[in-house]
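Structure file my_file.csv with CSV, N, CA and C atoms:
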```csv
chain,number,residue,atom,x,y,z
A,1,MET,N,97.6,8.9,34.3
A,1,MET,CA,98.7,9.8,34.0
A,1,MET,C,98.0,11.2,33.7
A,2,GLN,N,98.8,12.2,34.0
A,2,GLN,CA,98.3,13.6,33.8
A,2,GLN,C,98.6,14.2,32.5
A,3,GLY,N,99.8,13.9,32.0
A,3,GLY,CA,100.3,14.6,30.8
A,3,GLY,C,100.6,16.1,31.1
A,4,TYR,N,100.7,16.9,30.1
A,4,TYR,CA,100.9,18.4,30.4
A,4,TYR,C,100.0,19.2,29.5
A,5,VAL,N,99.2,20.1,30.1
A,5,VAL,CA,98.3,20.9,29.4
A,5,VAL,C,98.4,22.3,30.0
A,6,ASP,N,98.8,23.3,29.2
A,6,ASP,CA,98.9,24.7,29.7
A,6,ASP,C,99.1,25.6,28.5
A,7,ASP,N,99.0,26.9,28.7
A,7,ASP,CA,99.2,27.9,27.7
A,7,ASP,C,100.7,28.1,27.6
A,8,ILE,N,101.3,27.4,26.6
A,8,ILE,CA,102.8,27.3,26.5
A,8,ILE,C,103.4,28.7,26.1
A,9,GLN,N,102.6,29.4,25.3
A,9,GLN,CA,103.1,30.7,24.9
A,9,GLN,C,103.2,31.7,26.1
A,10,ARG,N,102.1,31.7,26.9
A,10,ARG,CA,102.1,32.5,28.2
A,10,ARG,C,103.3,32.0,29.1
A,11,GLN,N,103.4,30.7,29.3
A,11,GLN,CA,104.5,30.2,30.1
A,11,GLN,C,105.8,30.7,29.6
A,12,THR,N,106.1,30.6,28.3
A,12,THR,CA,107.3,31.0,27.7
A,12,THR,C,107.6,32.5,27.9
A,13,LEU,N,106.6,33.3,27.6
A,13,LEU,CA,106.8,34.7,27.7
A,13,LEU,C,107.0,35.2,29.2
A,14,GLU,N,106.4,34.5,30.1
A,14,GLU,CA,106.6,34.9,31.6
A,14,GLU,C,107.9,34.3,32.2
A,15,ASN,N,108.5,33.4,31.5
A,15,ASN,CA,109.7,32.8,32.1
A,15,ASN,C,110.9,33.7,32.0
A,16,ASP,N,111.6,33.9,33.2
A,16,ASP,CA,112.8,34.7,33.2
A,16,ASP,C,114.1,33.8,33.5
A,17,ASP,N,113.9,32.5,33.7
A,17,ASP,CA,115.0,31.6,34.0
A,17,ASP,C,115.7,31.2,32.8
A,18,PHE,N,117.0,31.0,32.9
A,18,PHE,CA,117.8,30.5,31.8
A,18,PHE,C,117.2,29.1,31.3
A,19,ARG,N,116.9,28.3,32.3
A,19,ARG,CA,116.3,27.0,31.9
A,19,ARG,C,115.4,26.6,33.0
A,20,ARG,N,114.2,26.1,32.6
A,20,ARG,CA,113.2,25.6,33.5
A,20,ARG,C,112.5,24.4,32.9
A,21,VAL,N,112.7,23.2,33.4
A,21,VAL,CA,112.1,22.0,32.9
A,21,VAL,C,110.6,21.9,33.4
A,22,LEU,N,109.7,21.9,32.5
A,22,LEU,CA,108.2,21.9,32.8
A,22,LEU,C,107.7,20.5,32.9
A,23,TYR,N,108.1,19.7,32.0
A,23,TYR,CA,107.5,18.3,32.0
A,23,TYR,C,108.5,17.3,31.4
A,24,THR,N,108.5,16.2,32.0
A,24,THR,CA,109.4,15.1,31.5
A,24,THR,C,108.6,13.8,31.4
A,25,GLY,N,108.5,13.3,30.1
A,25,GLY,CA,107.9,12.0,29.9
A,25,GLY,C,109.1,11.0,29.6
A,26,LYS,N,108.7,9.8,29.3
A,26,LYS,CA,109.7,8.8,29.0
A,26,LYS,C,110.4,9.0,27.8
A,27,ASN,N,109.8,9.7,26.8
A,27,ASN,CA,110.4,9.9,25.5
A,27,ASN,C,110.6,11.4,25.1
A,28,LEU,N,109.9,12.3,25.8
A,28,LEU,CA,110.0,13.7,25.4
A,28,LEU,C,110.1,14.5,26.7
A,29,GLN,N,110.7,15.7,26.5
A,29,GLN,CA,110.8,16.7,27.7
A,29,GLN,C,110.6,18.1,27.2
A,30,LEU,N,109.8,18.9,27.9
A,30,LEU,CA,109.5,20.2,27.6
A,30,LEU,C,110.2,21.2,28.5
A,31,VAL,N,111.0,22.1,27.9
A,31,VAL,CA,111.9,23.0,28.7
A,31,VAL,C,111.7,24.4,28.2
A,32,LEU,N,111.5,25.4,29.1
A,32,LEU,CA,111.5,26.8,28.8
A,32,LEU,C,112.9,27.3,29.0
A,33,MET,N,113.3,28.3,28.1
A,33,MET,CA,114.6,29.0,28.2
A,33,MET,C,114.4,30.5,27.9
A,34,THR,N,115.2,31.3,28.6
A,34,THR,CA,115.3,32.7,28.3
A,34,THR,C,116.8,33.1,28.2
A,35,LEU,N,117.2,33.6,27.1
A,35,LEU,CA,118.6,34.1,26.9
A,35,LEU,C,118.6,35.6,26.9
A,36,GLN,N,119.4,36.2,27.8
A,36,GLN,CA,119.5,37.6,27.8
A,36,GLN,C,120.3,38.2,26.6
A,37,PRO,N,120.2,39.5,26.3
A,37,PRO,CA,120.9,40.0,25.2
A,37,PRO,C,122.4,39.7,25.2
A,38,GLY,N,122.9,39.2,24.1
A,38,GLY,CA,124.3,38.7,24.0
A,38,GLY,C,124.6,37.3,24.5
A,39,GLU,N,123.6,36.7,25.2
A,39,GLU,CA,123.8,35.4,25.8
A,39,GLU,C,123.6,34.3,24.8
A,40,GLU,N,124.2,33.1,25.0
A,40,GLU,CA,124.0,32.0,24.1
A,40,GLU,C,123.9,30.7,25.0
A,41,ILE,N,123.3,29.7,24.4
A,41,ILE,CA,123.2,28.4,25.1
A,41,ILE,C,124.6,27.8,25.3
A,42,GLY,N,125.4,27.9,24.2
A,42,GLY,CA,126.7,27.3,24.2
A,42,GLY,C,126.7,26.1,23.2
A,43,GLU,N,127.8,26.0,22.4
A,43,GLU,CA,127.8,25.0,21.4
A,43,GLU,C,127.8,23.6,22.1
A,44,GLU,N,126.9,22.7,21.5
A,44,GLU,CA,126.8,21.4,22.1
A,44,GLU,C,126.4,20.4,21.0
A,45,VAL,N,126.5,19.1,21.3
A,45,VAL,CA,126.1,18.0,20.4
A,45,VAL,C,125.4,17.0,21.2
A,46,HIS,N,124.1,16.6,20.8
A,46,HIS,CA,123.4,15.6,21.5
A,46,HIS,C,123.4,14.4,20.5
A,47,GLU,N,124.3,13.4,20.8
A,47,GLU,CA,124.4,12.3,19.8
A,47,GLU,C,123.2,11.4,19.7
A,48,ASP,N,122.4,11.4,20.8
A,48,ASP,CA,121.3,10.4,20.9
A,48,ASP,C,119.9,11.0,21.0
A,49,ARG,N,119.8,12.3,20.7
A,49,ARG,CA,118.5,13.0,20.9
A,49,ARG,C,118.3,14.1,19.9
A,50,ASP,N,117.1,14.2,19.4
A,50,ASP,CA,116.6,15.3,18.6
A,50,ASP,C,116.1,16.4,19.5
A,51,GLN,N,116.1,17.6,18.9
A,51,GLN,CA,115.7,18.8,19.7
A,51,GLN,C,114.9,19.7,18.8
A,52,PHE,N,113.8,20.2,19.4
A,52,PHE,CA,112.9,21.2,18.7
A,52,PHE,C,112.9,22.5,19.5
A,53,PHE,N,113.1,23.6,18.8
A,53,PHE,CA,113.1,24.9,19.5
A,53,PHE,C,111.9,25.7,18.9
A,54,ARG,N,111.1,26.4,19.7
A,54,ARG,CA,110.1,27.3,19.3
A,54,ARG,C,110.4,28.7,19.9
A,55,PHE,N,110.6,29.7,19.1
A,55,PHE,CA,111.0,31.0,19.6
A,55,PHE,C,109.7,31.9,19.7
A,56,GLU,N,109.4,32.4,20.9
A,56,GLU,CA,108.2,33.2,21.1
A,56,GLU,C,108.5,34.7,21.1
A,57,GLU,N,109.7,35.1,21.5
A,57,GLU,CA,110.0,36.5,21.6
A,57,GLU,C,111.4,36.8,21.5
A,58,GLY,N,111.8,37.8,20.7
A,58,GLY,CA,113.2,38.2,20.6
A,58,GLY,C,113.8,37.8,19.2
A,59,THR,N,115.0,38.1,19.0
A,59,THR,CA,115.8,37.8,17.8
A,59,THR,C,117.1,37.2,18.1
A,60,GLY,N,117.6,36.4,17.2
A,60,GLY,CA,118.8,35.7,17.4
A,60,GLY,C,119.3,34.9,16.2
A,61,GLU,N,120.1,34.0,16.5
A,61,GLU,CA,120.6,33.1,15.4
A,61,GLU,C,120.8,31.7,16.0
A,62,VAL,N,120.6,30.7,15.1
A,62,VAL,CA,120.8,29.3,15.5
A,62,VAL,C,122.0,28.8,14.6
A,63,LEU,N,122.9,28.1,15.2
A,63,LEU,CA,124.0,27.5,14.5
A,63,LEU,C,123.6,26.0,14.4
A,64,ILE,N,123.6,25.4,13.2
A,64,ILE,CA,123.5,24.0,13.1
A,64,ILE,C,124.6,23.5,12.1
A,65,ASP,N,125.5,22.8,12.7
A,65,ASP,CA,126.8,22.4,12.0
A,65,ASP,C,127.4,23.6,11.4
A,66,ASP,N,127.5,23.7,10.1
A,66,ASP,CA,128.2,24.9,9.5
A,66,ASP,C,127.3,26.0,9.0
A,67,ARG,N,126.0,25.9,9.4
A,67,ARG,CA,125.1,27.0,9.0
A,67,ARG,C,124.7,27.8,10.1
A,68,THR,N,124.6,29.1,9.9
A,68,THR,CA,124.1,30.1,10.9
A,68,THR,C,122.8,30.7,10.3
A,69,LEU,N,121.7,30.5,11.0
A,69,LEU,CA,120.4,31.0,10.6
A,69,LEU,C,119.8,32.0,11.5
A,70,LYS,N,119.3,33.1,11.0
A,70,LYS,CA,118.6,34.1,11.8
A,70,LYS,C,117.2,33.6,12.2
A,71,ILE,N,116.9,33.9,13.4
A,71,ILE,CA,115.5,33.5,13.9
A,71,ILE,C,114.9,34.7,14.6
A,72,GLU,N,113.6,34.6,14.7
A,72,GLU,CA,112.8,35.6,15.4
A,72,GLU,C,111.5,35.0,15.9
A,73,ASP,N,110.6,35.8,16.5
A,73,ASP,CA,109.3,35.4,17.0
A,73,ASP,C,108.7,34.4,16.0
A,74,ASP,N,108.1,33.3,16.5
A,74,ASP,CA,107.3,32.4,15.8
A,74,ASP,C,108.1,31.4,14.9
A,75,TYR,N,109.4,31.4,15.0
A,75,TYR,CA,110.2,30.5,14.3
A,75,TYR,C,110.3,29.2,15.0
A,76,GLY,N,110.4,28.1,14.3
A,76,GLY,CA,110.6,26.8,14.8
A,76,GLY,C,111.9,26.2,14.2
A,77,VAL,N,112.6,25.5,15.0
A,77,VAL,CA,113.9,24.9,14.5
A,77,VAL,C,114.0,23.4,15.0
A,78,ILE,N,114.4,22.5,14.2
A,78,ILE,CA,114.7,21.1,14.6
A,78,ILE,C,116.2,20.9,14.4
A,79,VAL,N,116.8,20.4,15.5
A,79,VAL,CA,118.2,20.0,15.4
A,79,VAL,C,118.3,18.5,15.5
A,80,PRO,N,118.7,17.8,14.5
A,80,PRO,CA,118.8,16.4,14.5
A,80,PRO,C,119.9,15.9,15.4
A,81,ALA,N,119.7,14.7,16.0
A,81,ALA,CA,120.8,14.1,16.8
A,81,ALA,C,122.1,14.1,16.0
A,82,GLY,N,123.1,14.4,16.8
A,82,GLY,CA,124.5,14.4,16.2
A,82,GLY,C,124.9,15.7,15.6
A,83,ALA,N,124.0,16.7,15.5
A,83,ALA,CA,124.4,18.0,14.9
A,83,ALA,C,125.0,18.9,16.0
A,84,ARG,N,126.1,19.6,15.6
A,84,ARG,CA,126.6,20.6,16.5
A,84,ARG,C,125.7,21.8,16.4
A,85,HIS,N,125.3,22.4,17.6
A,85,HIS,CA,124.4,23.5,17.5
A,85,HIS,C,124.6,24.5,18.7
A,86,ASN,N,124.0,25.7,18.5
A,86,ASN,CA,124.0,26.7,19.5
A,86,ASN,C,122.9,27.7,19.1
A,87,VAL,N,122.4,28.4,20.1
A,87,VAL,CA,121.4,29.5,20.0
A,87,VAL,C,122.0,30.7,20.7
A,88,ARG,N,122.0,31.8,19.9
A,88,ARG,CA,122.5,33.1,20.4
A,88,ARG,C,121.4,34.2,20.4
A,89,ASN,N,121.3,35.0,21.4
A,89,ASN,CA,120.5,36.2,21.4
A,89,ASN,C,121.3,37.3,20.8
A,90,THR,N,120.9,37.8,19.6
A,90,THR,CA,121.6,38.9,19.0
A,90,THR,C,120.8,40.2,19.1
A,91,GLY,N,119.7,40.2,19.8
A,91,GLY,CA,118.9,41.3,20.0
A,91,GLY,C,119.2,42.1,21.3
A,92,SER,N,118.3,43.1,21.5
A,92,SER,CA,118.5,44.0,22.7
A,92,SER,C,117.5,43.6,23.8
A,93,GLU,N,116.6,42.6,23.5
A,93,GLU,CA,115.6,42.2,24.5
A,93,GLU,C,115.8,40.7,24.7
A,94,PRO,N,115.3,40.1,25.8
A,94,PRO,CA,115.4,38.7,26.1
A,94,PRO,C,114.9,37.8,24.9
A,95,LEU,N,115.5,36.7,24.6
A,95,LEU,CA,115.1,35.7,23.6
A,95,LEU,C,114.4,34.6,24.4
A,96,ARG,N,113.1,34.5,24.2
A,96,ARG,CA,112.3,33.5,25.0
A,96,ARG,C,111.9,32.4,24.0
A,97,LEU,N,112.1,31.2,24.5
A,97,LEU,CA,111.8,30.0,23.7
A,97,LEU,C,111.5,28.8,24.6
A,98,TYR,N,110.9,27.8,23.9
A,98,TYR,CA,110.8,26.5,24.6
A,98,TYR,C,111.4,25.5,23.7
A,99,SER,N,111.8,24.4,24.3
A,99,SER,CA,112.5,23.3,23.6
A,99,SER,C,111.9,22.0,24.0
A,100,ILE,N,111.8,21.1,23.0
A,100,ILE,CA,111.4,19.7,23.3
A,100,ILE,C,112.5,18.8,22.9
A,101,TYR,N,113.0,18.0,23.9
A,101,TYR,CA,114.0,17.0,23.7
A,101,TYR,C,113.4,15.7,23.5
A,102,GLY,N,113.9,14.9,22.6
A,102,GLY,CA,113.4,13.5,22.5
A,102,GLY,C,114.6,12.6,22.3
A,103,PRO,N,115.0,11.8,23.3
A,103,PRO,CA,114.5,11.6,24.6
A,103,PRO,C,114.9,12.8,25.5
A,104,PRO,N,114.4,12.7,26.8
A,104,PRO,CA,114.8,13.8,27.7
A,104,PRO,C,116.3,14.0,27.9
A,105,GLU,N,116.7,15.2,28.3
A,105,GLU,CA,118.1,15.6,28.5
A,105,GLU,C,118.4,15.9,30.0
A,106,HIS,N,117.4,16.6,30.6
A,106,HIS,CA,117.7,17.1,32.0
A,106,HIS,C,116.8,16.4,33.0
A,107,LYS,N,117.3,16.4,34.3
A,107,LYS,CA,116.4,15.9,35.4
A,107,LYS,C,115.1,16.7,35.4
A,108,ASP,N,114.1,16.0,35.8
A,108,ASP,CA,112.7,16.6,35.8
A,108,ASP,C,112.7,17.7,36.8
A,109,GLN,N,112.0,18.8,36.4
A,109,GLN,CA,111.8,20.0,37.3
A,109,GLN,C,113.1,20.8,37.6
A,110,VAL,N,114.2,20.6,36.9
A,110,VAL,CA,115.4,21.4,37.1
A,110,VAL,C,115.1,22.8,36.7
A,111,VAL,N,115.6,23.8,37.5
A,111,VAL,CA,115.5,25.2,37.3
A,111,VAL,C,116.9,25.8,37.4
A,112,HIS,N,117.4,26.5,36.4
A,112,HIS,CA,118.6,27.2,36.4
A,112,HIS,C,118.3,28.7,36.2
A,113,LYS,N,118.5,29.5,37.2
A,113,LYS,CA,118.1,30.9,37.1
A,113,LYS,C,118.9,31.6,36.1
A,114,ASP,N,120.2,31.2,35.9
A,114,ASP,CA,121.0,31.9,34.9
A,114,ASP,C,122.0,30.9,34.3
A,115,LYS,N,122.8,31.3,33.3
A,115,LYS,CA,123.7,30.4,32.6
A,115,LYS,C,124.8,29.9,33.5
A,116,ASP,N,125.3,30.8,34.4
A,116,ASP,CA,126.3,30.4,35.3
A,116,ASP,C,125.9,29.2,36.2
A,117,GLN,N,124.7,29.3,36.7
A,117,GLN,CA,124.1,28.2,37.5
A,117,GLN,C,124.0,26.9,36.7
A,118,ALA,N,123.5,27.1,35.4
A,118,ALA,CA,123.4,25.9,34.5
A,118,ALA,C,124.8,25.2,34.3
A,119,GLU,N,125.8,26.1,34.0
A,119,GLU,CA,127.1,25.5,33.8
A,119,GLU,C,127.7,24.8,35.0
A,120,ALA,N,127.4,25.4,36.2
A,120,ALA,CA,127.9,24.8,37.4
A,120,ALA,C,127.3,23.5,37.7
A,121,ASP,N,126.0,23.4,37.3
A,121,ASP,CA,125.2,22.1,37.5
A,121,ASP,C,125.3,21.1,36.4
A,122,HIS,N,126.0,21.4,35.4
A,122,HIS,CA,126.0,20.6,34.1
A,122,HIS,C,126.2,19.1,34.4
A,123,ASP,N,127.1,18.8,35.2
A,123,ASP,CA,127.4,17.3,35.4
A,123,ASP,C,126.4,16.7,36.3
A,124,ASN,N,125.5,17.4,36.9
A,124,ASN,CA,124.5,16.9,37.9
A,124,ASN,C,123.1,17.0,37.4
A,125,ASP,N,122.8,17.5,36.2
A,125,ASP,CA,121.4,17.7,35.8
A,125,ASP,C,120.9,16.8,34.7
A,126,HIS,N,121.7,15.8,34.4
A,126,HIS,CA,121.3,14.9,33.3
A,126,HIS,C,120.1,14.0,33.7
A,127,PHE,N,119.3,13.7,32.7
A,127,PHE,CA,118.1,12.9,33.0
A,127,PHE,C,118.4,11.7,33.7
A,128,ASP,N,117.7,11.4,34.8
A,128,ASP,CA,118.0,10.2,35.6
A,128,ASP,C,116.9,9.1,35.5
A,129,GLY,N,116.0,9.3,34.5
A,129,GLY,CA,115.0,8.2,34.3
A,129,GLY,C,113.7,8.5,35.1
A,130,LYS,N,113.7,9.5,35.9
A,130,LYS,CA,112.5,9.9,36.7
A,130,LYS,C,111.7,10.9,35.9
A,131,THR,N,110.4,10.6,35.6
A,131,THR,CA,109.5,11.5,34.8
A,131,THR,C,108.6,12.3,35.8
A,132,THR,N,108.0,13.2,35.2
A,132,THR,CA,107.0,14.1,35.9
A,132,THR,C,105.9,13.2,36.5
A,133,GLU,N,105.5,12.2,35.8
A,133,GLU,CA,104.4,11.3,36.2
A,133,GLU,C,104.8,10.4,37.4
A,134,ARG,N,106.1,10.3,37.6
A,134,ARG,CA,106.7,9.5,38.7
A,134,ARG,C,106.2,8.0,38.7
A,135,MET,N,105.8,7.5,37.5
A,135,MET,CA,105.4,6.1,37.4
A,135,MET,C,106.7,5.2,37.6
A,136,ASP,N,107.8,5.8,37.3
A,136,ASP,CA,109.1,5.0,37.4
A,136,ASP,C,109.9,5.4,38.6
A,137,ALA,N,109.4,6.2,39.5
A,137,ALA,CA,110.2,6.6,40.6
A,137,ALA,C,110.5,5.5,41.6
```
Here is the file; what I need is its structure written in the form of structure tokens.
Amino acid sequence: MQGYVDDIQRQTLENDDFRRVLYTGKNLQLVLMTLQPGEEIGEEVHEDRDQFFRFEEGTGEVLIDDRTLKIEDDYGVIVPAGARHNVRNTGSEPLRLYSIYGPPEHKDQVVHKDKDQAEADHDNDHFDGKTTERMDA
């Protein structure tokens, strides 16, 4: 197996896609995201998975159930399974972050250039059991 090794900060700062799945394991998934000014992920609940966010650039806010928390560069956030959550870019520059899902949420190597594409593909991009390692393909 190869695993994943790279400069995650550089990868995150260079990413202009709304969503880009970098690596999918059996139990975890690494995803880059960039939200444009005023953009948000959209409120969601993952009943069966925890999620970690690391913010590398920009400012915004994170909603977790009934709390809204301000975030900026270098902040980390964990959203437990079952919590209603959202991330919003409240700044004037892109909000760049990476997320780790446990277990995976999206199909391996999915790329959504913008939020419209992500929403249009929502019903077709759920994790299908295939990992980056392709041991189970």
> Between A:Val79, A:Val110, A:Ala118, A:Leu22, which one has atoms that come closest to Tyr4 in chain A, using all atoms listed in the file?
Replying inline: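 Of A:Val79, A:Val110, A:Ala118, A:Leu22, the one nearest Tyr4 in chain A is A:Leu22, counting all atoms listed in the file.
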>> So that I can check the secondary structure, give me every residue of range 21-131 of chain A assigned strand (DSSP E or B) by backbone DSSP, as number ranges by chain.
In response: A: 21-24, 29-35, 40, 44-45, 50-57, 59-64, 67-72, 76-79, 84-89, 95-102, 106, 111-112, 126
> Got a sec: who's within 8 Å of Glu40 in chain A, counting only N, CA and C atoms, leaving out chain neighbours fewer than 5 positions off, as a PyMOL selection string?
Replying inline: chain A and resi 35+86-90+115
> Which of these residues is nearest to Ala81 in chain A, using all atoms listed in the file: A:Glu57, A:Glu43, A:Asp17, A:Asp50?
Replying inline: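 Among the listed residues, A:Asp50 lies closest to Ala81 in chain A.
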> So, counting only N, CA and C atoms, which residue among A:Leu28, A:Gly42, A:Asn124, A:Gly129 is closest to Pro103 in chain A?
Replying inline: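 Smallest separation from Pro103 in chain A among the options: A:Leu28.
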> Hey, can you check how far atom N of Glu105 in chain A sits from atom N of Asp74 in chain A?
Replying inline: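 For atom N of Glu105 in chain A relative to atom N of Asp74 in chain A, the distance reads 23.3 Å.
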>> I'd like the interatomic distance between CA of Gln51 in chain A and atom N of Ser99 in chain A, to a tenth of an Å.
In response: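 Atom N of Ser99 in chain A lies at a distance of 8.2 Å from CA of Gln51 in chain A.
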>> Based on the backbone DSSP call, show me all residues of chain A assigned helix (DSSP H, G or I), as a count of residues only.
In response: 16
>> Within 8 Å of (116.5, 41.0, 23.6) (file coordinates; only C-alpha atoms), which protein or nucleic acid residues are there? I'd like them as a ChimeraX atom specification.
In response: /A:35-37,58-59,89-95
> For the atom pair atom C of Asp6 in chain A and CA of Leu63 in chain A, what is the interatomic distance in Å to one decimal place?
Replying inline: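 That distance, rounded to one decimal, is 28.6 Å.
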Subset file: range 7-18 of chain A, N, CA and C atoms, as a tab-separated table (two decimals), in the first residue's frame:
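Writing the result to selection.tsv gives the following:
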```tsv
chain	number	residue	atom	x	y	z
A	7	ASP	N	2.80	17.62	0.95
A	7	ASP	CA	2.73	18.86	1.70
A	7	ASP	C	1.27	19.33	1.67
A	8	ILE	N	0.52	18.99	2.71
A	8	ILE	CA	-0.92	19.26	2.72
A	8	ILE	C	-1.22	20.75	2.76
A	9	GLN	N	-0.36	21.53	3.40
A	9	GLN	CA	-0.58	22.97	3.42
A	9	GLN	C	-0.45	23.55	2.01
A	10	ARG	N	0.59	23.17	1.29
A	10	ARG	CA	0.77	23.63	-0.08
A	10	ARG	C	-0.40	23.18	-0.95
A	11	GLN	N	-0.76	21.91	-0.84
A	11	GLN	CA	-1.89	21.38	-1.63
A	11	GLN	C	-3.16	22.19	-1.38
A	12	THR	N	-3.41	22.50	-0.10
A	12	THR	CA	-4.62	23.24	0.27
A	12	THR	C	-4.58	24.66	-0.28
A	13	LEU	N	-3.45	25.33	-0.13
A	13	LEU	CA	-3.33	26.72	-0.58
A	13	LEU	C	-3.38	26.84	-2.10
A	14	GLU	N	-2.97	25.81	-2.82
A	14	GLU	CA	-3.00	25.83	-4.29
A	14	GLU	C	-4.34	25.39	-4.87
A	15	ASN	N	-5.20	24.82	-4.05
A	15	ASN	CA	-6.48	24.30	-4.54
A	15	ASN	C	-7.48	25.42	-4.80
A	16	ASP	N	-8.07	25.43	-6.00
A	16	ASP	CA	-9.12	26.38	-6.33
A	16	ASP	C	-10.48	25.69	-6.51
A	17	ASP	N	-10.52	24.37	-6.37
A	17	ASP	CA	-11.77	23.63	-6.54
A	17	ASP	C	-12.62	23.68	-5.28
A	18	PHE	N	-13.92	23.69	-5.47
A	18	PHE	CA	-14.84	23.63	-4.33
A	18	PHE	C	-14.56	22.37	-3.51
```
